[in-house]
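The block underneath contains the structure these notes are about, expressed in structure tokens.
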Amino acid sequence: MSPRHSAAEAERTRARIVRTAVDEASRLGLEGLTVGSLAQRLGMSKAGLIGPFGTREKLLEAALEQAGAVFHSAVLEPLSDVPSGRVRLERLITSWVDYLADCPFPGGCFVTAASAELDGRPGPLRDRLRDIVVSWRTLLASEVAAA
């Protein structure tokens, strides 16, 4: 019988898997990310890799959510104390351009690449990606209107 792991250790493992999946998917695409190659890169079994998620699709969804959170943290959070208007819009655009120029993902902008990859492929992953993109566009339009 294997030793029990703490909830904190399980969460650290899950986070490490997701971070690595995001990095790999940014280079290979979401569809190019295989359980076998990811498990090998992390030094884990395939079952150990998928266990925290249940399915490969849920792992890919977690990677997409993490990429969205990284974008939000890098581009939007620094503006939380700036009131709507021209200054906020200018800072938002600057922050967005800086994010794209010095992207935190090895393969470039995750959402842009995933948008091109999943375009025309129905399913929950594409639906969630669409929600992320629509949310960003709605926010951007709102900021333009406020400016």
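Labels for the structure tokens follow display order: chains A, B, ..., residues from 1 in each chain, ligands from 1.
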
Problem - Residues within 12 Å of range 15-21 of chain A, only C-alpha atoms, excluding chain neighbours under 4 positions, as a ChimeraX atom specification - result: /A:8-11,25-46,48-53,56-67,69-70,104-106,110

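Rounded to one decimal, CA of Arg14 in chain A and CA of Ala113 in chain A lie 23.5 Å from each other.
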
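Here CA of Leu92 in chain A is placed at a distance of 14.7 Å from CA of Ser135 in chain A.
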
Q. As a PyMOL selection string, which residues of chain A does DSSP assign to alpha helix (DSSP H)?
A. chain A and resi 7-28+35-42+46-50+56-71+86-101+110-118+124-146

Those residues with C-alpha atoms, as an mmCIF file, in the first residue's frame please?
```cif
data_model
loop_
_atom_site.group_PDB
_atom_site.id
_atom_site.type_symbol
_atom_site.label_atom_id
_atom_site.label_comp_id
_atom_site.auth_asym_id
_atom_site.auth_seq_id
_atom_site.Cartn_x
_atom_site.Cartn_y
_atom_site.Cartn_z
ATOM 1 C CA ALA A 7 -4.066 17.508 0.313
ATOM 2 C CA ALA A 8 -1.373 20.188 -0.039
ATOM 3 C CA GLU A 9 1.011 17.719 -1.683
ATOM 4 C CA ALA A 10 -1.736 16.566 -4.043
ATOM 5 C CA GLU A 11 -2.456 20.179 -4.991
ATOM 6 C CA ARG A 12 1.254 20.876 -5.601
ATOM 7 C CA THR A 13 1.419 17.831 -7.871
ATOM 8 C CA ARG A 14 -1.704 18.928 -9.744
ATOM 9 C CA ALA A 15 -0.303 22.461 -10.159
ATOM 10 C CA ARG A 16 3.031 21.091 -11.428
ATOM 11 C CA ILE A 17 1.213 18.940 -13.976
ATOM 12 C CA VAL A 18 -0.880 21.883 -15.166
ATOM 13 C CA ARG A 19 2.128 24.232 -15.433
ATOM 14 C CA THR A 20 4.022 21.680 -17.488
ATOM 15 C CA ALA A 21 0.958 20.966 -19.631
ATOM 16 C CA VAL A 22 0.568 24.694 -20.363
ATOM 17 C CA ASP A 23 4.227 25.001 -21.365
ATOM 18 C CA GLU A 24 4.076 21.906 -23.552
ATOM 19 C CA ALA A 25 0.738 22.839 -25.124
ATOM 20 C CA SER A 26 2.050 26.309 -25.925
ATOM 21 C CA ARG A 27 4.757 24.648 -28.026
ATOM 22 C CA LEU A 28 2.894 21.619 -29.406
ATOM 23 C CA VAL A 35 -0.364 11.915 -21.787
ATOM 24 C CA GLY A 36 2.666 9.724 -22.457
ATOM 25 C CA SER A 37 5.053 12.540 -23.327
ATOM 26 C CA LEU A 38 3.826 14.692 -20.450
ATOM 27 C CA ALA A 39 4.145 11.812 -17.979
ATOM 28 C CA GLN A 40 7.659 11.115 -19.215
ATOM 29 C CA ARG A 41 8.659 14.768 -18.917
ATOM 30 C CA LEU A 42 7.370 14.848 -15.327
ATOM 31 C CA LYS A 46 0.296 7.965 -17.132
ATOM 32 C CA ALA A 47 -2.237 6.963 -14.476
ATOM 33 C CA GLY A 48 -0.560 9.227 -11.911
ATOM 34 C CA LEU A 49 -0.659 12.092 -14.367
ATOM 35 C CA ILE A 50 -4.326 11.702 -15.282
ATOM 36 C CA ARG A 56 -7.092 13.966 -20.652
ATOM 37 C CA GLU A 57 -9.846 16.411 -21.624
ATOM 38 C CA LYS A 58 -10.122 17.653 -18.040
ATOM 39 C CA LEU A 59 -6.331 18.085 -17.948
ATOM 40 C CA LEU A 60 -6.498 20.157 -21.149
ATOM 41 C CA GLU A 61 -9.313 22.240 -19.646
ATOM 42 C CA ALA A 62 -7.164 22.850 -16.557
ATOM 43 C CA ALA A 63 -4.283 23.947 -18.807
ATOM 44 C CA LEU A 64 -6.564 26.350 -20.663
ATOM 45 C CA GLU A 65 -7.863 27.791 -17.383
ATOM 46 C CA GLN A 66 -4.297 28.245 -16.128
ATOM 47 C CA ALA A 67 -3.275 30.046 -19.320
ATOM 48 C CA GLY A 68 -6.270 32.356 -18.906
ATOM 49 C CA ALA A 69 -5.307 33.001 -15.283
ATOM 50 C CA VAL A 70 -1.737 33.873 -16.309
ATOM 51 C CA PHE A 71 -3.081 36.380 -18.858
ATOM 52 C CA ARG A 86 -8.371 56.968 -21.104
ATOM 53 C CA VAL A 87 -5.465 56.317 -18.738
ATOM 54 C CA ARG A 88 -6.741 52.838 -17.886
ATOM 55 C CA LEU A 89 -7.252 51.999 -21.570
ATOM 56 C CA GLU A 90 -3.730 53.166 -22.423
ATOM 57 C CA ARG A 91 -2.261 51.100 -19.601
ATOM 58 C CA LEU A 92 -4.377 48.105 -20.587
ATOM 59 C CA ILE A 93 -3.141 48.206 -24.167
ATOM 60 C CA THR A 94 0.456 48.714 -23.031
ATOM 61 C CA SER A 95 0.133 45.811 -20.608
ATOM 62 C CA TRP A 96 -1.349 43.620 -23.347
ATOM 63 C CA VAL A 97 1.419 44.485 -25.822
ATOM 64 C CA ASP A 98 4.069 43.873 -23.145
ATOM 65 C CA TYR A 99 2.471 40.487 -22.418
ATOM 66 C CA LEU A 100 2.610 39.555 -26.092
ATOM 67 C CA ALA A 101 6.176 40.841 -26.528
ATOM 68 C CA PHE A 110 -1.445 30.379 -25.538
ATOM 69 C CA VAL A 111 -4.920 31.732 -26.258
ATOM 70 C CA THR A 112 -3.998 32.914 -29.754
ATOM 71 C CA ALA A 113 -2.480 29.550 -30.649
ATOM 72 C CA ALA A 114 -5.361 27.617 -29.106
ATOM 73 C CA SER A 115 -7.864 29.806 -30.974
ATOM 74 C CA ALA A 116 -6.270 28.935 -34.302
ATOM 75 C CA GLU A 117 -5.949 25.275 -33.358
ATOM 76 C CA LEU A 118 -9.493 24.776 -32.086
ATOM 77 C CA PRO A 124 -16.194 21.824 -24.498
ATOM 78 C CA LEU A 125 -12.591 22.961 -24.857
ATOM 79 C CA ARG A 126 -13.429 25.197 -27.801
ATOM 80 C CA ASP A 127 -16.538 26.439 -25.986
ATOM 81 C CA ARG A 128 -14.489 27.443 -22.934
ATOM 82 C CA LEU A 129 -11.879 29.102 -25.125
ATOM 83 C CA ARG A 130 -14.637 31.049 -26.867
ATOM 84 C CA ASP A 131 -15.909 32.205 -23.456
ATOM 85 C CA ILE A 132 -12.425 33.416 -22.512
ATOM 86 C CA VAL A 133 -11.994 35.307 -25.790
ATOM 87 C CA VAL A 134 -15.498 36.820 -25.656
ATOM 88 C CA SER A 135 -14.892 37.921 -22.061
ATOM 89 C CA TRP A 136 -11.645 39.638 -23.092
ATOM 90 C CA ARG A 137 -13.272 41.335 -26.089
ATOM 91 C CA THR A 138 -16.204 42.483 -23.975
ATOM 92 C CA LEU A 139 -13.851 43.958 -21.390
ATOM 93 C CA LEU A 140 -11.788 45.671 -24.081
ATOM 94 C CA ALA A 141 -14.923 47.155 -25.709
ATOM 95 C CA SER A 142 -16.107 48.351 -22.310
ATOM 96 C CA GLU A 143 -12.772 50.038 -21.652
ATOM 97 C CA VAL A 144 -12.819 51.709 -25.087
ATOM 98 C CA ALA A 145 -16.350 52.974 -24.443
ATOM 99 C CA ALA A 146 -15.353 54.304 -21.015
#
```

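Our summary of the geometry notes that CA of Cys103 in chain A is positioned 20.7 Å from CA of Ser80 in chain A.
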